[in-house]
file final.txt (compact mmCIF, C-alpha atoms)
# COMPACT_ATOMS: atom_id res chain seq x y z
CA MET H 1 36.01 -1.36 -82.53
CA ASP H 2 36.73 -3.71 -79.63
CA PHE H 3 35.61 -2.67 -76.14
CA ASP H 4 38.52 -2.76 -73.69
CA LEU H 5 37.37 -4.17 -70.33
CA SER H 6 40.57 -3.05 -68.69
CA TRP H 7 39.26 0.55 -68.59
CA VAL H 8 36.16 -0.60 -66.74
CA LEU H 9 38.22 -2.50 -64.25
CA ILE H 10 40.37 0.59 -63.67
CA GLY H 11 37.44 3.10 -63.66
CA LEU H 12 35.24 1.35 -61.13
CA PRO H 13 37.75 1.55 -58.24
CA VAL H 14 38.58 5.13 -59.16
CA ALA H 15 34.86 6.13 -59.12
CA PHE H 16 34.40 4.35 -55.80
CA VAL H 17 37.37 6.18 -54.28
CA LEU H 18 36.16 9.55 -55.57
CA GLY H 19 32.65 8.94 -54.23
CA TRP H 20 34.05 7.91 -50.85
CA LEU H 21 36.19 11.06 -50.68
CA ALA H 22 33.23 13.28 -51.61
CA SER H 23 31.06 11.72 -48.90
CA ARG H 24 33.81 12.21 -46.35
CA LEU H 25 34.11 15.85 -47.33
CA ASP H 26 30.31 16.34 -47.01
CA LEU H 27 30.28 14.65 -43.62
CA ARG H 28 33.19 16.76 -42.48
CA GLN H 29 31.45 19.96 -43.62
CA LEU H 30 28.19 18.89 -41.94
CA ARG H 31 30.07 18.07 -38.74
CA ILE H 32 31.72 21.51 -38.78
CA GLU H 33 28.34 23.23 -39.28
CA ASN H 34 26.72 21.18 -36.54
CA GLN H 35 29.56 22.07 -34.21
CA HIS H 36 29.05 25.80 -34.76
CA ALA H 37 25.28 26.22 -35.01
CA PRO H 38 24.18 24.08 -32.04
CA LYS H 39 26.99 25.44 -29.91
CA ALA H 40 25.82 29.03 -30.50
CA TYR H 41 22.21 27.95 -30.11
CA PHE H 42 22.75 26.23 -26.76
CA LYS H 43 24.91 29.10 -25.58
CA GLY H 44 22.01 31.46 -26.34
CA LEU H 45 19.58 29.15 -24.57
CA ASN H 46 21.81 29.11 -21.51
CA PHE H 47 21.93 32.91 -21.45
CA LEU H 48 18.17 33.02 -21.84
CA LEU H 49 17.61 30.69 -18.89
CA ASN H 50 19.88 32.92 -16.82
CA GLU H 51 17.81 35.96 -17.88
CA GLN H 52 20.79 37.46 -19.73
CA GLN H 53 18.83 38.62 -22.75
CA ASP H 54 21.53 40.80 -24.32
CA GLN H 55 24.00 37.92 -24.42
CA ALA H 56 21.27 35.55 -25.62
CA ILE H 57 20.49 37.85 -28.54
CA ASP H 58 24.16 37.99 -29.52
CA ALA H 59 24.41 34.20 -29.39
CA PHE H 60 21.28 33.69 -31.49
CA ILE H 61 22.50 36.24 -34.07
CA GLU H 62 25.71 34.20 -34.33
CA ALA H 63 23.66 31.02 -34.73
CA VAL H 64 21.52 32.58 -37.46
CA GLN H 65 24.63 33.76 -39.32
CA ASN H 66 26.06 30.21 -39.20
CA ASP H 67 22.78 28.66 -40.33
CA PRO H 68 20.63 31.30 -42.06
CA ASP H 69 18.09 28.72 -43.28
CA THR H 70 16.99 27.61 -39.79
CA SER H 71 13.58 29.16 -39.15
CA GLU H 72 13.48 28.19 -35.45
CA LEU H 73 16.47 30.41 -34.74
CA HIS H 74 14.74 33.31 -36.46
CA PHE H 75 11.60 32.78 -34.38
CA ALA H 76 13.65 32.66 -31.17
CA LEU H 77 15.51 35.83 -32.14
CA GLY H 78 12.34 37.69 -33.14
CA ASN H 79 10.61 36.79 -29.88
CA LEU H 80 13.61 37.98 -27.91
CA PHE H 81 13.61 41.31 -29.74
CA ARG H 82 9.88 41.73 -28.98
CA ARG H 83 10.37 40.95 -25.31
CA ARG H 84 13.18 43.49 -25.18
CA GLY H 85 10.93 46.14 -26.73
CA GLU H 86 13.04 46.27 -29.91
CA TYR H 87 9.96 45.99 -32.11
CA GLU H 88 11.59 47.29 -35.29
CA ARG H 89 14.21 44.55 -35.19
CA ALA H 90 11.55 41.93 -34.39
CA VAL H 91 9.52 43.10 -37.40
CA ARG H 92 12.60 42.82 -39.67
CA VAL H 93 13.27 39.25 -38.51
CA HIS H 94 9.69 38.10 -39.11
CA GLU H 95 9.39 39.95 -42.43
CA HIS H 96 12.61 38.23 -43.55
CA LEU H 97 11.03 34.88 -42.70
CA LEU H 98 7.90 35.72 -44.69
CA SER H 99 10.00 36.73 -47.70
CA ARG H 100 11.60 33.30 -47.94
CA GLY H 101 10.25 31.12 -50.73
CA ASP H 102 11.26 27.83 -49.06
CA LEU H 103 9.29 28.45 -45.86
CA SER H 104 6.67 25.82 -45.07
CA LYS H 105 2.99 26.77 -44.85
CA ALA H 106 2.93 26.18 -41.07
CA ASP H 107 6.02 28.32 -40.49
CA ARG H 108 4.65 31.05 -42.79
CA GLN H 109 1.44 31.23 -40.71
CA ARG H 110 3.50 31.24 -37.53
CA ALA H 111 5.65 34.09 -38.84
CA GLN H 112 2.54 36.04 -39.84
CA HIS H 113 1.17 35.67 -36.30
CA ALA H 114 4.50 36.75 -34.80
CA LEU H 115 4.59 39.79 -37.08
CA ALA H 116 1.08 40.76 -35.98
CA LEU H 117 2.18 40.55 -32.34
CA ASP H 118 5.16 42.78 -33.14
CA TYR H 119 2.84 45.44 -34.57
CA LEU H 120 0.45 45.15 -31.62
CA LYS H 121 3.23 45.58 -29.09
CA ALA H 122 4.61 48.53 -31.04
CA GLY H 123 1.19 50.20 -31.04
CA LEU H 124 0.90 50.12 -34.84
CA LEU H 125 -2.77 49.21 -34.75
CA ASP H 126 -3.53 49.60 -38.48
CA ARG H 127 -0.65 47.31 -39.48
CA ALA H 128 -1.58 44.88 -36.69
CA GLU H 129 -5.16 44.72 -37.95
CA ALA H 130 -4.03 43.97 -41.51
CA ALA H 131 -1.62 41.27 -40.29
CA LEU H 132 -4.24 39.66 -38.05
CA LEU H 133 -6.88 39.55 -40.78
CA LYS H 134 -4.49 37.41 -42.87
CA LEU H 135 -4.70 34.71 -40.17
CA GLU H 136 -8.31 33.77 -40.96
CA ASP H 137 -8.71 30.04 -41.66
CA THR H 138 -5.37 29.22 -40.03
CA PRO H 139 -4.54 27.48 -36.72
CA PHE H 140 -3.97 30.99 -35.29
CA GLU H 141 -7.49 32.16 -36.17
CA ALA H 142 -8.88 32.14 -32.60
CA GLN H 143 -5.83 33.96 -31.20
CA ALA H 144 -5.96 36.46 -34.05
CA ARG H 145 -9.63 37.18 -33.42
CA LEU H 146 -9.03 37.78 -29.72
CA ALA H 147 -6.19 40.15 -30.58
CA LEU H 148 -8.41 41.90 -33.14
CA LEU H 149 -11.12 42.22 -30.51
CA ALA H 150 -8.69 43.91 -28.10
CA ASN H 151 -7.45 46.08 -30.97
CA TYR H 152 -10.95 47.29 -31.89
CA GLU H 153 -11.82 47.89 -28.24
CA ARG H 154 -8.66 49.91 -27.80
CA SER H 155 -9.58 52.09 -30.78
CA ARG H 156 -13.26 52.18 -29.64
CA ASP H 157 -14.51 50.73 -32.91
CA TRP H 158 -17.52 49.06 -31.32
CA THR H 159 -19.12 47.96 -34.58
CA GLN H 160 -16.07 45.95 -35.69
CA ALA H 161 -15.56 44.68 -32.13
CA ALA H 162 -19.14 43.38 -32.12
CA LEU H 163 -18.57 41.53 -35.43
CA ILE H 164 -15.46 39.80 -34.08
CA ALA H 165 -17.14 38.98 -30.74
CA GLN H 166 -20.06 37.42 -32.61
CA LYS H 167 -17.65 35.30 -34.69
CA LEU H 168 -15.94 34.10 -31.51
CA SER H 169 -19.31 33.31 -29.95
CA ASP H 170 -20.44 31.40 -33.05
CA ALA H 171 -17.19 29.42 -32.98
CA LYS H 172 -17.91 28.40 -29.36
CA GLN H 173 -14.87 30.31 -28.11
CA GLY H 174 -16.81 31.65 -25.11
CA ASN H 175 -19.90 33.59 -24.12
CA PHE H 176 -19.60 37.16 -25.38
CA ASN H 177 -23.17 38.33 -24.72
CA GLY H 178 -22.12 40.54 -21.81
CA ARG H 179 -19.40 42.16 -23.89
CA LEU H 180 -21.77 42.65 -26.85
CA ALA H 181 -24.19 44.40 -24.49
CA HIS H 182 -21.39 46.72 -23.36
CA TYR H 183 -20.61 47.59 -26.99
CA LEU H 184 -24.25 48.54 -27.54
CA CYS H 185 -24.19 50.70 -24.40
CA GLU H 186 -21.01 52.42 -25.63
CA GLU H 187 -22.66 53.12 -28.99
CA ALA H 188 -25.71 54.46 -27.13
CA ALA H 189 -23.46 56.82 -25.17
CA SER H 190 -22.03 58.13 -28.46
CA CYS H 191 -25.57 58.68 -29.77
CA LEU H 192 -26.49 60.62 -26.64
CA ALA H 193 -23.38 62.76 -27.05
CA SER H 194 -24.61 63.64 -30.56
CA GLN H 195 -28.14 64.39 -29.27
CA ASN H 196 -29.67 61.25 -30.83
CA ALA H 197 -31.69 60.01 -27.87
CA ALA H 198 -34.09 57.91 -29.98
CA GLN H 199 -31.28 55.76 -31.44
CA ALA H 200 -29.63 55.52 -28.01
CA GLN H 201 -32.85 54.13 -26.54
CA ILE H 202 -33.07 51.50 -29.30
CA LEU H 203 -29.45 50.44 -28.68
CA LEU H 204 -29.97 50.21 -24.91
CA GLN H 205 -33.06 48.05 -25.39
CA GLN H 206 -31.01 45.77 -27.65
CA ALA H 207 -28.32 45.60 -24.96
CA LEU H 208 -30.94 44.68 -22.37
CA ALA H 209 -32.21 41.87 -24.61
CA LYS H 210 -28.65 40.64 -25.26
CA ALA H 211 -27.71 40.40 -21.55
CA PRO H 212 -30.82 40.54 -19.31
CA ASP H 213 -28.84 39.81 -16.14
CA ALA H 214 -26.30 42.60 -16.69
CA PRO H 215 -27.07 45.81 -14.76
CA ARG H 216 -25.52 48.39 -17.08
CA ALA H 217 -28.22 48.46 -19.77
CA ARG H 218 -30.97 48.92 -17.18
CA LEU H 219 -29.08 51.67 -15.37
CA ASP H 220 -28.28 53.56 -18.58
CA LEU H 221 -31.81 53.14 -19.95
CA ALA H 222 -33.34 54.25 -16.65
CA ARG H 223 -31.14 57.36 -16.69
CA LEU H 224 -32.24 58.14 -20.25
CA LEU H 225 -35.93 57.66 -19.46
CA SER H 226 -35.57 59.78 -16.34
CA ASP H 227 -34.01 62.60 -18.35
CA GLN H 228 -36.96 62.39 -20.73
CA GLY H 229 -39.40 62.68 -17.83
CA HIS H 230 -40.55 59.04 -17.82
CA THR H 231 -39.81 58.52 -14.11
CA ASP H 232 -42.32 55.70 -13.59
CA GLN H 233 -40.78 53.61 -16.38
CA ALA H 234 -37.29 54.39 -15.13
CA TYR H 235 -38.20 53.38 -11.59
CA ALA H 236 -39.73 50.12 -12.83
CA LEU H 237 -36.50 49.30 -14.68
CA LEU H 238 -34.37 49.77 -11.57
CA GLU H 239 -36.85 47.84 -9.45
CA ASP H 240 -36.42 44.93 -11.89
CA ALA H 241 -32.65 45.41 -11.70
CA LEU H 242 -32.75 44.69 -7.96
CA GLN H 243 -34.07 41.22 -8.80
CA GLN H 244 -32.11 40.56 -11.99
CA SER H 245 -28.72 41.87 -10.79
CA PRO H 246 -28.52 41.49 -7.00
CA GLN H 247 -24.71 41.79 -7.12
CA ALA H 248 -25.10 45.36 -8.41
CA VAL H 249 -27.53 46.63 -5.75
CA PRO H 250 -24.95 49.11 -4.31
CA LEU H 251 -24.80 50.76 -7.76
CA ILE H 252 -28.59 50.71 -8.18
CA ALA H 253 -29.53 52.02 -4.72
CA ALA H 254 -28.77 55.75 -5.19
CA PRO H 255 -30.57 56.24 -8.56
CA LEU H 256 -33.46 54.11 -7.28
CA ALA H 257 -33.83 56.36 -4.21
CA GLU H 258 -33.78 59.47 -6.39
CA LEU H 259 -36.46 58.12 -8.74
CA ALA H 260 -38.60 56.88 -5.83
CA SER H 261 -38.63 60.40 -4.38
CA ARG H 262 -39.62 61.88 -7.75
CA CYS H 263 -42.43 59.47 -8.58
CA GLY H 264 -43.84 58.90 -5.08
CA ARG H 265 -42.59 55.32 -4.59
CA ILE H 266 -40.69 55.92 -1.34
CA PRO H 267 -42.41 53.18 0.74
CA GLN H 268 -41.85 50.53 -1.96
CA ALA H 269 -38.22 51.56 -2.47
CA LEU H 270 -37.55 51.61 1.28
CA GLN H 271 -38.98 48.13 1.67
CA ALA H 272 -36.91 46.75 -1.21
CA LEU H 273 -33.66 48.39 -0.10
CA LYS H 274 -34.10 47.37 3.54
CA ALA H 275 -34.60 43.76 2.45
CA ASN H 276 -31.41 43.89 0.36
CA TYR H 277 -29.47 45.58 3.15
CA ALA H 278 -30.60 42.95 5.68
CA ALA H 279 -29.37 40.18 3.36
CA SER H 280 -26.10 41.89 2.40
CA PRO H 281 -25.12 45.09 4.27
CA SER H 282 -23.64 47.82 2.10
CA LEU H 283 -22.94 51.46 2.87
CA ASP H 284 -24.21 52.62 -0.54
CA VAL H 285 -27.51 50.87 0.13
CA LEU H 286 -27.57 52.30 3.66
CA ASP H 287 -26.98 55.83 2.32
CA ALA H 288 -29.97 55.40 0.00
CA ILE H 289 -32.10 54.14 2.91
CA VAL H 290 -31.10 57.17 5.01
CA VAL H 291 -32.08 59.54 2.16
CA LEU H 292 -35.44 57.84 1.62
CA HIS H 293 -36.15 57.65 5.35
CA ALA H 294 -35.51 61.38 5.70
CA ALA H 295 -37.78 62.08 2.70
CA SER H 296 -40.55 59.98 4.24
CA GLU H 297 -40.50 62.34 7.26
CA GLN H 298 -40.47 59.46 9.73
CA PRO H 299 -39.04 60.65 13.07
CA ALA H 300 -37.00 57.58 13.91
CA PRO H 301 -34.49 56.17 13.44
CA THR H 302 -32.30 59.14 12.55
CA ALA H 303 -29.40 59.04 10.10
CA ARG H 304 -26.94 58.71 12.97
CA ASP H 305 -28.97 55.80 14.35
CA TRP H 306 -28.68 53.98 11.03
CA TYR H 307 -24.92 54.41 10.92
CA VAL H 308 -24.35 53.27 14.49
CA GLN H 309 -26.50 50.20 13.80
CA HIS H 310 -24.30 49.49 10.80
CA LEU H 311 -21.21 49.74 13.03
CA GLU H 312 -22.69 47.09 15.26
CA ARG H 313 -22.83 44.75 12.27
CA GLU H 314 -19.77 45.79 10.29
CA PRO H 315 -16.58 47.67 11.35
CA SER H 316 -16.46 50.70 9.06
CA LEU H 317 -14.38 53.86 9.25
CA VAL H 318 -16.67 55.45 6.64
CA ALA H 319 -19.77 54.81 8.76
CA ALA H 320 -17.93 56.06 11.85
CA ALA H 321 -17.01 59.32 10.08
CA LYS H 322 -20.65 59.82 9.03
CA TRP H 323 -21.85 59.15 12.57
CA ILE H 324 -19.33 61.61 14.04
CA ALA H 325 -20.43 64.25 11.51
CA GLY H 326 -23.64 64.73 13.50
CA GLU H 327 -22.12 64.38 16.97
CA LYS H 328 -21.85 67.33 19.35
CA PHE H 329 -18.50 67.59 21.12
CA GLU H 330 -17.58 69.31 24.35
CA HIS H 331 -15.07 71.37 22.36
CA GLU H 332 -17.26 71.98 19.33
CA GLN H 333 -14.86 74.55 17.89
CA PHE H 334 -12.50 71.69 16.97
CA HIS H 335 -15.17 69.58 15.26
CA PRO H 336 -14.54 70.92 11.70
CA GLN H 337 -10.84 70.08 11.91
CA VAL H 338 -11.54 66.59 13.24
CA GLN H 339 -14.20 65.99 10.61
CA ARG H 340 -11.92 67.20 7.84
CA ALA H 341 -9.19 64.80 8.96
CA LEU H 342 -11.64 61.89 9.06
CA ASP H 343 -13.05 62.70 5.63
CA HIS H 344 -9.50 62.79 4.26
CA ALA H 345 -8.72 59.42 5.87
CA VAL H 346 -11.77 57.68 4.41
CA LYS H 347 -11.31 58.91 0.82
CA PRO H 348 -9.13 55.92 -0.24
CA LEU H 349 -11.74 53.58 1.27
CA LEU H 350 -14.48 55.02 -0.95
CA ARG H 351 -12.70 54.05 -4.17
CA TYR H 352 -13.47 51.13 -6.45
CA ARG H 353 -10.70 48.64 -7.20
CA CYS H 354 -10.27 46.55 -10.35
CA ALA H 355 -10.18 42.85 -9.46
CA ALA H 356 -7.93 42.14 -12.47
CA CYS H 357 -5.13 44.70 -12.09
CA GLY H 358 -5.83 46.57 -8.83
CA PHE H 359 -6.38 49.96 -10.52
CA GLU H 360 -8.35 52.20 -8.14
CA ALA H 361 -10.78 54.96 -9.10
CA ARG H 362 -13.25 57.24 -7.36
CA GLN H 363 -16.01 56.19 -9.76
CA HIS H 364 -17.21 52.81 -10.93
CA PHE H 365 -16.10 51.74 -14.42
CA TRP H 366 -17.60 49.01 -16.58
CA GLN H 367 -14.25 48.69 -18.37
CA CYS H 368 -11.06 49.15 -16.37
CA PRO H 369 -9.02 52.14 -17.63
CA GLY H 370 -5.85 50.31 -16.59
CA CYS H 371 -6.09 46.78 -18.00
CA GLN H 372 -9.15 47.22 -20.27
CA ALA H 373 -10.96 44.28 -18.61
CA TRP H 374 -14.76 44.33 -18.65
CA ASP H 375 -16.85 44.03 -15.47
CA SER H 376 -13.71 43.77 -13.35
CA TYR H 377 -14.84 46.46 -10.88
CA PRO H 378 -16.96 45.07 -8.03
CA SER H 379 -20.01 47.11 -7.11
CA ARG H 380 -18.66 47.50 -3.57
CA ARG H 381 -16.04 50.00 -2.53
CA VAL H 382 -12.57 49.18 -1.23
CA GLU H 383 -13.57 49.21 2.44
CA GLU H 384 -16.20 46.52 1.87
CA LEU H 385 -14.10 44.12 -0.21
call {"tool": "encode", "arguments": {"input": "final.txt", "output": "structure tokens"}}
result
Amino acid sequence: MDFDLSWVLIGLPVAFVLGWLASRLDLRQLRIENQHAPKAYFKGLNFLLNEQQDQAIDAFIEAVQNDPDTSELHFALGNLFRRRGEYERAVRVHEHLLSRGDLSKADRQRAQHALALDYLKAGLLDRAEAALLKLEDTPFEAQARLALLANYERSRDWTQAALIAQKLSDAKQGNFNGRLAHYLCEEAASCLASQNAAQAQILLQQALAKAPDAPRARLDLARLLSDQGHTDQAYALLEDALQQSPQAVPLIAAPLAELASRCGRIPQALQALKANYAASPSLDVLDAIVVLHAASEQPAPTARDWYVQHLEREPSLVAAAKWIAGEKFEHEQFHPQVQRALDHAVKPLLRYRCAACGFEARQHFWQCPGCQAWDSYPSRRVEEL
């Protein structure tokens, strides 16, 4: 059978024309898609820059509907939902991303991290923990560990928190010795609550070894030894604390004065506290000096003399109120009312204030109840900051 070349000559132009028409149709479709998706995307971005989050969400939803395979739009939408507090919708967006089979490894890890943040923000700590643990050996590992650490601290799981902190320390992500010492002190407090003083003492000694410069372990261990009747050992611990943690002397002064009175170390304690007060005046240290001076039965100076001397060095409404407390007025019948007003006025000045978030409290905290930061409370009260 003879091959007819005329069909080839006719078919080649026809195939070329059909191919050209198909490419034009594809380009036209692509141009239409590009006109819709970027337009919605940039409209959403514009709303976002103008802090119009509701309109931005609507625009991004439109963009996702036009181009459902674009992962970046899903990430933008999920983050917006989280910022708006719509955690359930954020979770759905990121779970949808994770369910896609065509998602790249990098985007899958990113979606897993975003999902973990959704759970954290929603307060679903168990789900957050499970999601964060899946981020081991990924680029988000360090961030996941920090989030896990905050999660375990929030749930007061000190054992797991210590494991994560040790991993971060081993990975050179920071020095966590101070925080590890706090965990041991928290565990010791739980042991004391369950009447296990022996285990509490072991934990406090471990905390002291972990962070020798931190004052908490010495203070807690001294309190435990004092309760057990070992006042000499307790006093020695606090005397060391004066040298090891000079920034915490205002916190150490009162228990040191009490122990000095009980074990007959008043002269030594007075000498140490006076030296610290001369270098850095503090009302808490001065109060301890006044107590010890009265216990030593020395006639002068009196308590009022100490406070007026402090006023010469530092302006202090608290010291003034304490000085006035012992003053005799011409109209003495009004003294209680005046004193009560002064005591009320100085109460806010006797609080401690978190340096991280500004949360104020009447007692000193090692971990801020407001922002959960460690060692954010200075040892000095508000008036002396």
call {"tool": "atom_distance", "arguments": {"input": "final.txt", "atom1": "CA of Leu256 (chain H)", "atom2": "CA of Ala217 (chain H)"}}
result
14.7 Å
call {"tool": "atom_distance", "arguments": {"input": "final.txt", "atom1": "CA of Phe81 (chain H)", "atom2": "CA of Cys357 (chain H)"}}
result
26.0 Å
call {"tool": "residues_around", "arguments": {"input": "final.txt", "residues": "region 188-190 of chain H", "least_positions_apart": "2", "cutoff": "12 Å", "atoms": "only C-alpha atoms", "output": "ChimeraX atom specification"}}
result
/H:156-159,181-186,192-207,216-217,220-221,223-224
call {"tool": "atom_distance", "arguments": {"input": "final.txt", "atom1": "CA of Val91 (chain H)", "atom2": "CA of Gln173 (chain H)"}}
result
29.1 Å
call {"tool": "residues_near_point", "arguments": {"input": "final.txt", "point": "(-14.3, 52.0, 3.8)", "cutoff": "8 Å", "atoms": "only C-alpha atoms", "output": "list of chain:residue names"}}
result
H:Ser316, H:Leu317, H:Val318, H:Ala319, H:Val346, H:Pro348, H:Leu349, H:Leu350, H:Arg381, H:Val382, H:Glu383, H:Glu384
call {"tool": "closest_residue", "arguments": {"input": "final.txt", "among": "H:Ala131, H:Leu115, H:Leu242, H:Leu292", "to": "Asn276 (chain H)", "atoms": "only C-alpha atoms"}}
result
H:Leu242
call {"tool": "residues_around", "arguments": {"input": "final.txt", "residues": "Ala111 (chain H)", "least_positions_apart": "2", "cutoff": "8 Å", "atoms": "only C-alpha atoms", "output": "JSON list (two decimals) with C-alpha atoms, in the coordinates of the input"}}
result
[["chain", "number", "residue", "atom", "x", "y", "z"],
["H", 75, "PHE", "CA", 11.60, 32.78, -34.38],
["H", 94, "HIS", "CA", 9.69, 38.10, -39.11],
["H", 95, "GLU", "CA", 9.39, 39.95, -42.43],
["H", 97, "LEU", "CA", 11.03, 34.88, -42.70],
["H", 98, "LEU", "CA", 7.90, 35.72, -44.69],
["H", 107, "ASP", "CA", 6.02, 28.32, -40.49],
["H", 108, "ARG", "CA", 4.65, 31.05, -42.79],
["H", 109, "GLN", "CA", 1.44, 31.23, -40.71],
["H", 113, "HIS", "CA", 1.17, 35.67, -36.30],
["H", 114, "ALA", "CA", 4.50, 36.75, -34.80],
["H", 115, "LEU", "CA", 4.59, 39.79, -37.08]]
call {"tool": "residues_around", "arguments": {"input": "final.txt", "residues": "region 231-236 of chain H", "least_positions_apart": "3", "cutoff": "12 Å", "atoms": "all atoms listed in the file", "output": "ChimeraX atom specification"}}
result
/H:217-228,239-243,252-266,268-269
call {"tool": "residues_around", "arguments": {"input": "final.txt", "residues": "Lys322 (chain H)", "least_positions_apart": "6", "cutoff": "10 Å", "atoms": "all atoms listed in the file", "output": "list in words"}}
result
Ala303, Arg304, Tyr307, Val308, Gln339, Leu342 and Asp343 of chain H
call {"tool": "residues_around", "arguments": {"input": "final.txt", "residues": "Pro369 (chain H)", "least_positions_apart": "5", "cutoff": "10 Å", "atoms": "all atoms listed in the file", "output": "tab-separated table (two decimals) with C-alpha atoms, keeping the file's coordinate frame"}}
result
chain	number	residue	atom	x	y	z
H	354	CYS	CA	-10.27	46.55	-10.35
H	359	PHE	CA	-6.38	49.96	-10.52
H	360	GLU	CA	-8.35	52.20	-8.14
H	361	ALA	CA	-10.78	54.96	-9.10
H	374	TRP	CA	-14.76	44.33	-18.65
call {"tool": "closest_residue", "arguments": {"input": "final.txt", "among": "H:Ala341, H:Ala128, H:Ala76, H:Leu270", "to": "Ala294 (chain H)", "atoms": "all atoms listed in the file"}}
result
H:Leu270
call {"tool": "closest_residue", "arguments": {"input": "final.txt", "among": "H:Cys368, H:Gln166, H:Ala355, H:Phe140", "to": "Arg380 (chain H)", "atoms": "all atoms listed in the file"}}
result
H:Ala355
call {"tool": "closest_residue", "arguments": {"input": "final.txt", "among": "H:Leu251, H:Ala144, H:Leu237, H:Ala122", "to": "Tyr352 (chain H)", "atoms": "all atoms listed in the file"}}
result
H:Leu251
call {"tool": "decode", "arguments": {"input": "final.txt", "residues": "region 93-150 of chain H", "atoms": "C-alpha atoms", "output": "mmCIF file, in the first residue's frame"}}
result
data_model
loop_
_atom_site.group_PDB
_atom_site.id
_atom_site.type_symbol
_atom_site.label_atom_id
_atom_site.label_comp_id
_atom_site.auth_asym_id
_atom_site.auth_seq_id
_atom_site.Cartn_x
_atom_site.Cartn_y
_atom_site.Cartn_z
ATOM 1 C CA VAL H 93 -7.290 25.596 58.266
ATOM 2 C CA HIS H 94 -4.029 24.060 59.491
ATOM 3 C CA GLU H 95 -5.496 20.553 59.754
ATOM 4 C CA HIS H 96 -6.698 20.913 56.148
ATOM 5 C CA LEU H 97 -3.137 21.784 55.130
ATOM 6 C CA LEU H 98 -1.747 18.742 56.937
ATOM 7 C CA SER H 99 -4.289 16.481 55.230
ATOM 8 C CA ARG H 100 -3.040 17.427 51.771
ATOM 9 C CA GLY H 101 -0.881 14.796 50.096
ATOM 10 C CA ASP H 102 0.896 17.280 47.804
ATOM 11 C CA LEU H 103 2.223 19.469 50.631
ATOM 12 C CA SER H 104 5.997 19.808 50.734
ATOM 13 C CA LYS H 105 7.953 18.608 53.772
ATOM 14 C CA ALA H 106 8.848 22.184 54.777
ATOM 15 C CA ASP H 107 5.242 23.365 54.538
ATOM 16 C CA ARG H 108 4.035 20.279 56.442
ATOM 17 C CA GLN H 109 6.407 21.089 59.324
ATOM 18 C CA ARG H 110 5.313 24.720 59.208
ATOM 19 C CA ALA H 111 1.651 23.697 59.352
ATOM 20 C CA GLN H 112 2.368 21.376 62.280
ATOM 21 C CA HIS H 113 3.996 24.262 64.165
ATOM 22 C CA ALA H 114 1.070 26.562 63.372
ATOM 23 C CA LEU H 115 -1.383 23.918 64.589
ATOM 24 C CA ALA H 116 0.541 23.582 67.855
ATOM 25 C CA LEU H 117 0.330 27.357 68.343
ATOM 26 C CA ASP H 118 -3.422 27.201 67.736
ATOM 27 C CA TYR H 119 -3.815 24.616 70.500
ATOM 28 C CA LEU H 120 -1.588 26.601 72.865
ATOM 29 C CA LYS H 121 -3.553 29.784 72.338
ATOM 30 C CA ALA H 122 -6.813 27.903 72.807
ATOM 31 C CA GLY H 123 -5.571 26.450 76.101
ATOM 32 C CA LEU H 124 -5.752 22.857 74.842
ATOM 33 C CA LEU H 125 -2.510 21.880 76.540
ATOM 34 C CA ASP H 126 -2.680 18.112 75.926
ATOM 35 C CA ARG H 127 -3.225 18.570 72.180
ATOM 36 C CA ALA H 128 -0.552 21.280 72.099
ATOM 37 C CA GLU H 129 1.939 18.946 73.772
ATOM 38 C CA ALA H 130 1.253 16.171 71.252
ATOM 39 C CA ALA H 131 1.590 18.607 68.330
ATOM 40 C CA LEU H 132 4.821 20.104 69.664
ATOM 41 C CA LEU H 133 6.440 16.713 70.250
ATOM 42 C CA LYS H 134 6.022 15.978 66.518
ATOM 43 C CA LEU H 135 8.361 18.895 65.763
ATOM 44 C CA GLU H 136 11.478 17.130 67.089
ATOM 45 C CA ASP H 137 14.292 17.041 64.509
ATOM 46 C CA THR H 138 12.696 19.811 62.444
ATOM 47 C CA PRO H 139 13.703 23.472 61.929
ATOM 48 C CA PHE H 140 11.016 24.335 64.516
ATOM 49 C CA GLU H 141 12.574 22.127 67.208
ATOM 50 C CA ALA H 142 13.986 24.966 69.360
ATOM 51 C CA GLN H 143 10.722 26.956 69.214
ATOM 52 C CA ALA H 144 8.736 23.811 69.993
ATOM 53 C CA ARG H 145 10.896 23.032 73.013
ATOM 54 C CA LEU H 146 10.474 26.544 74.392
ATOM 55 C CA ALA H 147 6.722 26.256 73.940
ATOM 56 C CA LEU H 148 6.765 22.833 75.606
ATOM 57 C CA LEU H 149 8.753 24.299 78.488
ATOM 58 C CA ALA H 150 6.135 27.023 79.000
#
